[in-house]
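Reviewing the structure listed below.
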Amino acid sequence: MPSDAYVLAALTTILAVTFALRALPFAVLEPLRGSAFMGFLSRYMPVGIMTILVVYTLKDVSLGTGWHGLPEAIALGVTVGLHVWRHNALLSILGGTAAYVLLVNTVLASAVA
Amino acid sequence: MPDRSSPRPLAAALTDTVSVGVALVPLGVAFGLLVVEAGLSWWWAPLFSVFIYAGSLEFLAIGLVVAATPLASIALATLLVNFRHVFYALSFPLYAVRGRAARTYSMYALTDEAYALAHHIPEAERTTARVVWMQVLCQSYWVLGGIAGALLGEVLPEVPRGMWFALTALFTVLALDAYRHSRDVPSPVLALGSALVALLVAPGEMLVVAMLLFLTALTVRFALRRRPDGRGPDAEEAARA
């Protein structure tokens, strides 16, 4: 387990970067507003960043052993299906997570280490 | 100037934030459970939510911190994950917030939810008190949910296995919402490719490598679409513009 000092340093780092990202644009608003590249990024970046984050959260899933990623695939399907159907973020997140927790604690129990 | 002693901005802000509160409290509970499950003490949950206060990044930070990720990598991951906040300044009604302390808090607490909710407040009612109360309430729901979850995690004999999937589900939902906004297939495909390449070449630094690859791919795509004779994915779109 990392030391408290390290965790605090990590949190402070994140605070500084996040605050800079949120506050600096207000100071340098004008050049940003006209930038075509910023407009391009604001449109095409979020969906990609979120896609990368989905893969990142699944990177430790073992495809070669256990259930070969079956519970993750099912729960991902439930999440996507619910969201496309109802457009309700809370329902999709709770439904997908409940499906996964249920699966790995019951029928597909050996799937997680 | 709004009357700060009046309870009305608070009451109005309560109404403003009901929809978000319904989502933030349970997600906060899931976050608190994961903090304890990761082996951190329960009181880290509120500290994360005060220091970081960026829902998705907080979930991510648990894993980064437990893996003792170098601070430079954490800074870079933060920069890339939270980069979208740069665009919020373009239309967030900060002009309605007066006073250095209030403005500083308002910028610090400019989350996705606060950005969305600020636009739901009618233009004429955007006072300092109304906007700041809205943000204070959003953060309160999140912090209290996190404490509740973390304490629950301490009491439970065992946190149910698989809770981590809440994070996957959260990002999946955010990706789908972002897709509904952009209606663009190449971006998620480029991102998926970047993620898989990063997994192969740098599994230890997968997140940052994938995001840099993706940013490079987007920059190339931007350059291609800007070229008059470009044959990039957006050449037709650029030609039309």
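By order of appearance in the structure tokens: chains A, B, ..., then residues from 1 within every chain, and ligands from 1 in the order shown.
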
Which residues of chain A are close to chain B, meaning at most 6 Å apart when you count only C-alpha atoms, and how do they look as an mmCIF file with N, CA and C atoms, in the first residue's frame?
data_model
loop_
_atom_site.group_PDB
_atom_site.id
_atom_site.type_symbol
_atom_site.label_atom_id
_atom_site.label_comp_id
_atom_site.auth_asym_id
_atom_site.auth_seq_id
_atom_site.Cartn_x
_atom_site.Cartn_y
_atom_site.Cartn_z
ATOM 1 N N LEU A 11 -2.774 13.458 -5.017
ATOM 2 C CA LEU A 11 -4.021 14.234 -5.006
ATOM 3 C C LEU A 11 -3.732 15.709 -5.299
ATOM 4 N N LEU A 15 -5.151 17.939 -8.291
ATOM 5 C CA LEU A 15 -5.860 19.194 -7.989
ATOM 6 C C LEU A 15 -5.280 20.335 -8.825
ATOM 7 N N PHE A 19 -7.447 22.155 -11.656
ATOM 8 C CA PHE A 19 -7.828 23.553 -11.460
ATOM 9 C C PHE A 19 -7.296 24.419 -12.598
ATOM 10 N N LEU A 21 -6.802 23.505 -15.633
ATOM 11 C CA LEU A 21 -7.624 23.248 -16.819
ATOM 12 C C LEU A 21 -8.965 23.970 -16.737
ATOM 13 N N ARG A 22 -9.500 24.059 -15.509
ATOM 14 C CA ARG A 22 -10.807 24.692 -15.365
ATOM 15 C C ARG A 22 -10.719 26.216 -15.316
ATOM 16 N N ALA A 23 -9.626 26.748 -14.762
ATOM 17 C CA ALA A 23 -9.550 28.192 -14.518
ATOM 18 C C ALA A 23 -8.824 28.962 -15.621
ATOM 19 N N PRO A 25 -8.604 28.719 -18.915
ATOM 20 C CA PRO A 25 -9.331 29.153 -20.125
ATOM 21 C C PRO A 25 -10.135 30.428 -19.915
ATOM 22 N N PHE A 26 -10.569 30.680 -18.677
ATOM 23 C CA PHE A 26 -11.309 31.919 -18.428
ATOM 24 C C PHE A 26 -10.389 33.123 -18.624
ATOM 25 N N ARG A 43 -15.040 18.492 -30.304
ATOM 26 C CA ARG A 43 -16.049 17.638 -30.908
ATOM 27 C C ARG A 43 -15.618 16.171 -30.952
ATOM 28 N N VAL A 47 -15.377 11.416 -27.062
ATOM 29 C CA VAL A 47 -15.806 10.045 -27.301
ATOM 30 C C VAL A 47 -14.600 9.101 -27.313
ATOM 31 N N GLY A 48 -13.462 9.579 -27.846
ATOM 32 C CA GLY A 48 -12.269 8.744 -27.899
ATOM 33 C C GLY A 48 -11.650 8.550 -26.528
ATOM 34 N N MET A 50 -13.145 8.634 -23.670
ATOM 35 C CA MET A 50 -13.994 7.729 -22.901
ATOM 36 C C MET A 50 -13.810 6.279 -23.357
ATOM 37 N N THR A 51 -13.628 6.089 -24.679
ATOM 38 C CA THR A 51 -13.384 4.738 -25.203
ATOM 39 C C THR A 51 -12.097 4.163 -24.622
ATOM 40 N N ILE A 52 -11.037 4.995 -24.590
ATOM 41 C CA ILE A 52 -9.760 4.543 -24.025
ATOM 42 C C ILE A 52 -9.933 4.187 -22.553
ATOM 43 N N VAL A 54 -12.622 3.097 -21.081
ATOM 44 C CA VAL A 54 -13.331 1.810 -20.973
ATOM 45 C C VAL A 54 -12.326 0.667 -21.101
ATOM 46 N N THR A 57 -10.103 0.296 -17.996
ATOM 47 C CA THR A 57 -10.715 -0.365 -16.830
ATOM 48 C C THR A 57 -10.816 -1.875 -17.039
ATOM 49 N N LEU A 90 -27.977 6.727 -14.865
ATOM 50 C CA LEU A 90 -27.988 6.021 -13.585
ATOM 51 C C LEU A 90 -28.470 4.582 -13.761
ATOM 52 N N ILE A 93 -25.765 2.462 -15.503
ATOM 53 C CA ILE A 93 -24.608 2.167 -14.653
ATOM 54 C C ILE A 93 -24.988 1.158 -13.566
ATOM 55 N N THR A 97 -23.619 -2.682 -13.533
ATOM 56 C CA THR A 97 -22.815 -3.091 -12.374
ATOM 57 C C THR A 97 -23.499 -4.212 -11.604
ATOM 58 N N VAL A 101 -21.832 -7.779 -10.804
ATOM 59 C CA VAL A 101 -21.634 -8.256 -9.430
ATOM 60 C C VAL A 101 -22.382 -9.584 -9.230
#

(message) According to DSSP computed on the backbone, where in region 6-191 of chain B is there alpha helix (DSSP H)? Give the residues as a ChimeraX atom specification.
(response) /B:8-16,18-37,44-51,55-66,71-81,85-88,100-108,112-118,128-155,165-182,186-191

(request) Write out as a PyMOL selection string which residues come within 9 Å of Gly95 (chain A) when counting only C-alpha atoms, dropping same-chain ones fewer than 6 positions away. (result) (chain A and resi 75+78-79+82) or (chain B and resi 169)

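Rounded to one decimal, CA of Leu14 (chain B) and CA of Trp133 (chain B) lie 8.2 Å from each other.
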
(message) Ranking A:Leu76, A:Thr106, A:Met1, A:Asp60 by minimum distance to Leu94 (chain A) and counting only C-alpha atoms, which one comes first?
(response)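 Ranked by minimum distance to Leu94 (chain A), first place goes to A:Leu76.
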
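Taking CA of Leu224 (chain B) and CA of Tyr56 (chain A) as endpoints, the distance between them is 28.5 Å.
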
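Separating CA of Ala217 (chain B) from CA of Ile14 (chain A) is a distance of 25.4 Å.
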